[in-house]
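Report on one structure; see the data block that follows.
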Amino acid sequence: MNHGPKHGCDHVGYLDDDRRDLRLDACRGLALWFIFIDHIPGNTFDWLTLRNYGFSDTSEIFVFVSGYTCMLSYGGALRRQGWPTVVVRSLRRSLEIYAAFVLLVIAYLALVWVTGSALYRDETNTRVFFDNPGIALIHLLALQYTPVNTDILPLFVMLHFCFPLVLWLVIRNATLALGASFLLYIMVQLYSWNLPAWPGREAYFNPLAWQMLFVIGAYSATPGAARLAGISSSPVVVSVAASVVLFSLVVTLSWRIEQLKWLVPDAVVGWIYPIYKTHLAPPRLAHFLALMFVGLRFLSPITHGKLKPWAIAMVRCGENSLSIYCCSVLASFLGFVILKEISGGLAMEAIVSASGIILMIAIASLLTWEAKLDRRGPKPF
């Protein structure tokens, strides 16, 4: 990640250089596989994913990487073409994500309707739409109604829409921009600021809180990257980060495995719990930052020449993250229906999980092949 400034100045930079560091794409692709598995209720294989071994999960990876890639893409466009291009591209990308969200929900609703089961309407938070389609459609278009597993897309619409402001702040004083973001994050933790959602609740991914990770990602792609690289090389910082990761692992496992509850005193649990995902609770943020510093210290940059087939598959999914995320939401619902209607055994869970990932890889490979015809490259989602 410490090669960000170099790529940010390239004409095509992050998008077309075959020698670029592909850790971001690979991490994003792996996160998409984890998301698909996690989104299938009752899937035993969710024990393979990140959320069972720490306070944060793949959502944090997505938001951080989005901020990083936005800085590389739009920062390079600013140097070459100026602010009008940056604003237009940012608005266009936010509209693309908005359109993807609306189309995803329409497809989601169609699949739920085809099942004809009240169970699936309750599980997916779509009953309210079928009961009140008119008002639900209005709230859907206003990004206030989000069926289960579609919640993160409105967050990305808002983050991309506001990115020109983030870019303006970061290029003038990256440290000040980071401080302002952190101040807003603190105010959310103190006063629970959030945007309204429907029906009768707040946005599941609070953009006023999650912007913190987005800005950290943007900061990591600026000269601040050198500062982060220096910090991550400190033995003290690495030791503290590793301790946070280990502590989070022990606590999380103690919540899920009865025999391990004695490892964590009730006083400690009371101090850190509840760990709200909506407001990106401090333990979640601290855990992700600890993982980031450990990763910076021990994960070497990778390039196309070093890729194994499984790594290529992850990169392909990461390159097409918006499309593959939408596919994963629909695939996870279909997987849930299969496990409910046909068989819920371990063998069937393995077949459903593997089939879904293979389908995602196939679609991503097709999209990457098609994109190379006009050299578009990956999108900053």
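Identifiers in this document derive from the order of the structure tokens: chains are assigned A, B, ..., residues are numbered from 1 separately in each chain, and ligands are numbered from 1 in order of occurrence.
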- [ ] Find the residues near Tyr145 in chain A: any atom within 10 Å, counting only C-alpha atoms, skip ones fewer than 5 places away on the same chain, and give them as a VMD selection string.
- [x] chain A and resid 105 125 to 126 128 to 129 135 to 140 150 to 151 154 196 to 199 201 203
What are the closest atom pairs, with distances in Å to one decimal, for each residue of range 4-108 of chain A lying within 6 Å of range 316-328 of chain A, using only C-alpha atoms, rows by chain and rising residue number, as CSV?
residue,atom,partner,partner_atom,distance
A:Asp25,CA,A:Gly318,CA,4.4
A:Arg28,CA,A:Gly318,CA,4.8
A:Gly29,CA,A:Gly318,CA,3.9
A:Phe36,CA,A:Ser328,CA,5.3
Go ahead and save the residues from that selection, with N, CA and C atoms, as a PDB file, in the first residue's frame.
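Wrote result.pdb, looks like this:
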ATOM      1  N   ASP A  25      -6.943  -5.613  -4.703  1.00  0.00           N
ATOM      2  CA  ASP A  25      -7.900  -6.419  -5.468  1.00  0.00           C
ATOM      3  C   ASP A  25      -8.083  -7.798  -4.858  1.00  0.00           C
ATOM      4  N   ARG A  28     -10.091  -7.558  -1.687  1.00  0.00           N
ATOM      5  CA  ARG A  28     -11.485  -7.267  -1.999  1.00  0.00           C
ATOM      6  C   ARG A  28     -12.184  -8.496  -2.560  1.00  0.00           C
ATOM      7  N   GLY A  29     -11.474  -9.260  -3.400  1.00  0.00           N
ATOM      8  CA  GLY A  29     -12.058 -10.485  -3.938  1.00  0.00           C
ATOM      9  C   GLY A  29     -12.330 -11.514  -2.865  1.00  0.00           C
ATOM     10  N   PHE A  36     -20.410 -13.607   0.519  1.00  0.00           N
ATOM     11  CA  PHE A  36     -21.368 -14.582  -0.014  1.00  0.00           C
ATOM     12  C   PHE A  36     -21.650 -15.685   1.000  1.00  0.00           C
TER      13      PHE A  36
END
- [ ] Enumerate, as a ChimeraX atom specification, the complete set of residues in range 141-225 of chain A that a backbone-based DSSP assignment places in alpha helix (DSSP H).
- [x] /A:141,152-172,174-191,207-220,224-225
- [ ] Please identify all polymer residues within 12 Å of Leu289 in chain A, counting only C-alpha atoms, omitting same-chain residues fewer than 6 positions from it, and present them as a list in words.
- [x]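 Contacts, with the query itself left out: Gly54, Phe55, Ser56, Asp57, Glu60, Ile61, Phe64, Met212, Leu213, Ile216, Gly217, Ser220, Leu228, Ile231, Ser232, Val237, Val238, Val240, Ala241, Ala242, Val244, Val245, Pro282, Pro283, Gly295 and Leu296 of chain A.
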- [ ] Give me the residues within 9 Å of Asn43 in chain A as a list in words, counting only C-alpha atoms and dropping any in the same chain fewer than 6 places off.
- [x]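 The neighbour list is Ile37, Phe336, Leu339, Gly344, Leu346, Glu349, Ala350 and Ser353 of chain A.
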TODO: Mind checking which residues fall within 12 Å of Arg92 in chain A, counting only C-alpha atoms, ignoring those fewer than 2 positions away in the same chain, and posting them as a PyMOL selection string?
DONE: chain A and resi 85-90+94-99+157+160-161+163+379-380
How would the residues just picked look written out with all heavy atoms as a short mmCIF file (atom, residue, chain, number, x, y, z; two decimals), in the first residue's frame?
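The resulting file, result.cif, is shown below:
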data_model
loop_
_atom_site.label_atom_id
_atom_site.label_comp_id
_atom_site.auth_asym_id
_atom_site.auth_seq_id
_atom_site.Cartn_x
_atom_site.Cartn_y
_atom_site.Cartn_z
N THR A 85 -13.39 17.26 -14.18
CA THR A 85 -13.37 15.82 -14.48
C THR A 85 -13.57 14.99 -13.22
O THR A 85 -14.30 13.99 -13.22
CB THR A 85 -12.04 15.43 -15.15
OG1 THR A 85 -11.94 16.13 -16.39
CG2 THR A 85 -11.97 13.93 -15.40
N VAL A 86 -12.92 15.40 -12.14
CA VAL A 86 -13.07 14.67 -10.88
C VAL A 86 -14.51 14.68 -10.41
O VAL A 86 -15.07 13.63 -10.02
CB VAL A 86 -12.16 15.29 -9.79
CG1 VAL A 86 -12.50 14.71 -8.42
CG2 VAL A 86 -10.70 15.05 -10.12
N VAL A 87 -15.15 15.84 -10.45
CA VAL A 87 -16.53 15.95 -9.99
C VAL A 87 -17.46 15.11 -10.87
O VAL A 87 -18.32 14.38 -10.36
CB VAL A 87 -16.98 17.42 -9.99
CG1 VAL A 87 -18.47 17.53 -9.69
CG2 VAL A 87 -16.18 18.22 -8.96
N VAL A 88 -17.26 15.19 -12.18
CA VAL A 88 -18.12 14.43 -13.10
C VAL A 88 -17.94 12.93 -12.89
O VAL A 88 -18.92 12.17 -12.84
CB VAL A 88 -17.81 14.82 -14.56
CG1 VAL A 88 -18.48 13.84 -15.52
CG2 VAL A 88 -18.28 16.24 -14.84
N ARG A 89 -16.68 12.49 -12.77
CA ARG A 89 -16.45 11.05 -12.57
C ARG A 89 -17.02 10.57 -11.24
O ARG A 89 -17.57 9.46 -11.17
CB ARG A 89 -14.95 10.76 -12.62
CG ARG A 89 -14.35 10.85 -14.00
CD ARG A 89 -12.92 10.37 -13.99
NE ARG A 89 -12.33 10.44 -15.33
CZ ARG A 89 -11.09 10.04 -15.61
NH1 ARG A 89 -10.34 9.53 -14.65
NH2 ARG A 89 -10.63 10.13 -16.84
N SER A 90 -16.87 11.38 -10.21
CA SER A 90 -17.40 10.99 -8.90
C SER A 90 -18.93 10.87 -8.94
O SER A 90 -19.50 9.91 -8.43
CB SER A 90 -16.97 12.02 -7.85
OG SER A 90 -17.50 11.70 -6.59
N SER A 94 -21.15 7.44 -8.48
CA SER A 94 -22.21 7.34 -7.47
C SER A 94 -23.54 6.97 -8.13
O SER A 94 -24.32 6.19 -7.57
CB SER A 94 -22.34 8.64 -6.68
OG SER A 94 -22.74 9.71 -7.51
N LEU A 95 -23.80 7.49 -9.32
CA LEU A 95 -25.02 7.14 -10.04
C LEU A 95 -24.99 5.69 -10.50
O LEU A 95 -26.03 5.01 -10.52
CB LEU A 95 -25.21 8.08 -11.24
CG LEU A 95 -25.66 9.50 -10.91
CD1 LEU A 95 -25.67 10.37 -12.17
CD2 LEU A 95 -27.05 9.50 -10.27
N GLU A 96 -23.81 5.20 -10.90
CA GLU A 96 -23.69 3.79 -11.29
C GLU A 96 -24.01 2.87 -10.11
O GLU A 96 -24.72 1.87 -10.27
CB GLU A 96 -22.28 3.51 -11.79
CG GLU A 96 -21.97 4.09 -13.15
CD GLU A 96 -20.51 3.91 -13.55
OE1 GLU A 96 -19.74 3.37 -12.72
OE2 GLU A 96 -20.16 4.29 -14.68
N ILE A 97 -23.50 3.21 -8.94
CA ILE A 97 -23.78 2.40 -7.75
C ILE A 97 -25.25 2.51 -7.37
O ILE A 97 -25.88 1.52 -6.98
CB ILE A 97 -22.87 2.82 -6.58
CG1 ILE A 97 -21.40 2.64 -6.96
CG2 ILE A 97 -23.18 2.00 -5.33
CD1 ILE A 97 -20.42 3.19 -5.95
N TYR A 98 -25.80 3.72 -7.50
CA TYR A 98 -27.23 3.92 -7.22
C TYR A 98 -28.09 3.05 -8.15
O TYR A 98 -29.02 2.36 -7.70
CB TYR A 98 -27.59 5.39 -7.40
CG TYR A 98 -29.05 5.72 -7.22
CD1 TYR A 98 -29.58 5.95 -5.95
CD2 TYR A 98 -29.92 5.80 -8.31
CE1 TYR A 98 -30.93 6.25 -5.77
CE2 TYR A 98 -31.25 6.09 -8.14
CZ TYR A 98 -31.76 6.32 -6.87
OH TYR A 98 -33.08 6.61 -6.69
N ALA A 99 -27.77 3.06 -9.45
CA ALA A 99 -28.53 2.25 -10.41
C ALA A 99 -28.37 0.76 -10.10
O ALA A 99 -29.35 -0.01 -10.19
CB ALA A 99 -28.05 2.55 -11.83
N VAL A 157 -22.87 4.95 -2.35
CA VAL A 157 -23.41 6.06 -3.15
C VAL A 157 -23.04 7.39 -2.50
O VAL A 157 -22.55 8.31 -3.17
CB VAL A 157 -24.94 5.94 -3.29
CG1 VAL A 157 -25.51 7.19 -3.95
CG2 VAL A 157 -25.32 4.71 -4.11
N HIS A 160 -19.07 8.11 -2.52
CA HIS A 160 -18.57 8.55 -3.82
C HIS A 160 -19.10 9.94 -4.17
O HIS A 160 -18.38 10.74 -4.78
CB HIS A 160 -18.98 7.55 -4.90
CG HIS A 160 -18.08 6.36 -4.96
ND1 HIS A 160 -17.02 6.29 -5.83
CD2 HIS A 160 -18.05 5.21 -4.24
CE1 HIS A 160 -16.38 5.15 -5.66
NE2 HIS A 160 -16.99 4.47 -4.71
N PHE A 161 -20.33 10.23 -3.81
CA PHE A 161 -20.90 11.54 -4.08
C PHE A 161 -20.11 12.64 -3.38
O PHE A 161 -19.90 13.73 -3.93
CB PHE A 161 -22.37 11.56 -3.63
CG PHE A 161 -23.07 12.86 -3.90
CD1 PHE A 161 -23.60 13.12 -5.16
CD2 PHE A 161 -23.20 13.82 -2.92
CE1 PHE A 161 -24.24 14.32 -5.42
CE2 PHE A 161 -23.84 15.03 -3.17
CZ PHE A 161 -24.36 15.28 -4.43
N PHE A 163 -16.92 12.41 -2.41
CA PHE A 163 -15.47 12.27 -2.49
C PHE A 163 -14.74 13.51 -2.98
O PHE A 163 -13.61 13.77 -2.52
CB PHE A 163 -15.07 11.07 -3.36
CG PHE A 163 -13.59 10.83 -3.31
CD1 PHE A 163 -13.00 10.26 -2.19
CD2 PHE A 163 -12.77 11.21 -4.37
CE1 PHE A 163 -11.64 10.06 -2.11
CE2 PHE A 163 -11.40 11.01 -4.30
CZ PHE A 163 -10.84 10.44 -3.17
N LYS A 379 -13.00 -0.75 -10.96
CA LYS A 379 -13.68 0.44 -10.46
C LYS A 379 -13.41 0.64 -8.98
O LYS A 379 -13.25 -0.32 -8.24
CB LYS A 379 -15.20 0.32 -10.68
CG LYS A 379 -15.60 0.13 -12.14
CD LYS A 379 -15.28 1.36 -12.97
CE LYS A 379 -15.82 1.22 -14.39
NZ LYS A 379 -15.53 2.39 -15.21
N PRO A 380 -13.39 1.89 -8.52
CA PRO A 380 -13.10 2.17 -7.11
C PRO A 380 -14.30 1.98 -6.21
O PRO A 380 -14.78 2.91 -5.60
CB PRO A 380 -12.64 3.63 -7.13
CG PRO A 380 -13.40 4.23 -8.28
CD PRO A 380 -13.50 3.14 -9.32
#
- [ ] Tell me which protein, DNA and RNA residues are within 8 Å of range 176-184 of chain A, counting only C-alpha atoms, leaving out same-chain ones fewer than 5 positions away, and put them as a list in words.
- [x] Val166, Leu169, Val170, Leu208, Ala209, Gln211, Met212, Val215, Ile216 and Tyr219 of chain A
Output the selection as a compact mmCIF listing (two decimals), in the first residue's frame - N, CA, C and O atoms for each residue.
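Generated file (result19.txt):
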# COMPACT_ATOMS: atom_id res chain seq x y z
N VAL A 166 -13.72 15.27 0.03
CA VAL A 166 -12.65 14.54 0.73
C VAL A 166 -11.32 14.77 0.03
O VAL A 166 -10.30 15.05 0.67
N LEU A 169 -9.90 18.24 0.69
CA LEU A 169 -9.32 18.36 2.03
C LEU A 169 -7.98 17.63 2.12
O LEU A 169 -7.01 18.15 2.68
N VAL A 170 -7.93 16.42 1.56
CA VAL A 170 -6.73 15.59 1.69
C VAL A 170 -5.53 16.21 0.98
O VAL A 170 -4.42 16.22 1.52
N LEU A 208 -22.00 8.76 8.50
CA LEU A 208 -21.28 9.73 9.32
C LEU A 208 -20.19 9.06 10.15
O LEU A 208 -19.22 9.71 10.56
N ALA A 209 -20.33 7.76 10.38
CA ALA A 209 -19.31 7.01 11.11
C ALA A 209 -18.38 6.29 10.16
O ALA A 209 -17.15 6.34 10.30
N GLN A 211 -17.52 6.94 7.23
CA GLN A 211 -16.62 7.80 6.46
C GLN A 211 -15.21 7.80 7.03
O GLN A 211 -14.24 8.07 6.33
N MET A 212 -15.07 7.44 8.31
CA MET A 212 -13.76 7.42 8.95
C MET A 212 -12.83 6.44 8.22
O MET A 212 -11.69 6.79 7.89
N VAL A 215 -11.93 7.76 4.68
CA VAL A 215 -10.90 8.81 4.71
C VAL A 215 -9.53 8.22 5.05
O VAL A 215 -8.51 8.63 4.50
N ILE A 216 -9.51 7.26 5.96
CA ILE A 216 -8.24 6.59 6.27
C ILE A 216 -7.68 5.92 5.01
O ILE A 216 -6.48 5.97 4.74
N TYR A 219 -6.29 8.64 2.84
CA TYR A 219 -5.04 9.12 3.46
C TYR A 219 -3.90 8.16 3.18
O TYR A 219 -2.76 8.57 2.95
Open item on the list: Rounded to one decimal, what separation in Å do you get between CA of Ser73 in chain A and CA of Val315 in chain A?
Closed with: 17.6 Å
TODO: Kindly give the distance, in Å, that separates CA of Leu190 in chain A and CA of Arg284 in chain A, rounded to a single decimal.
DONE: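 Atom-to-atom, CA of Leu190 in chain A to CA of Arg284 in chain A, that is 16.0 Å.
DSSP secondary structure from the backbone places Pro196, Ala197, Arg201 and Glu202 of chain A of range 188-231 of chain A in strand (DSSP E or B).
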TODO: Would you mind telling me which residue in A:Asn52, A:Thr58, A:Phe34, A:Leu334 lies nearest to Ser254 in chain A when using only C-alpha atoms?
DONE: A:Asn52
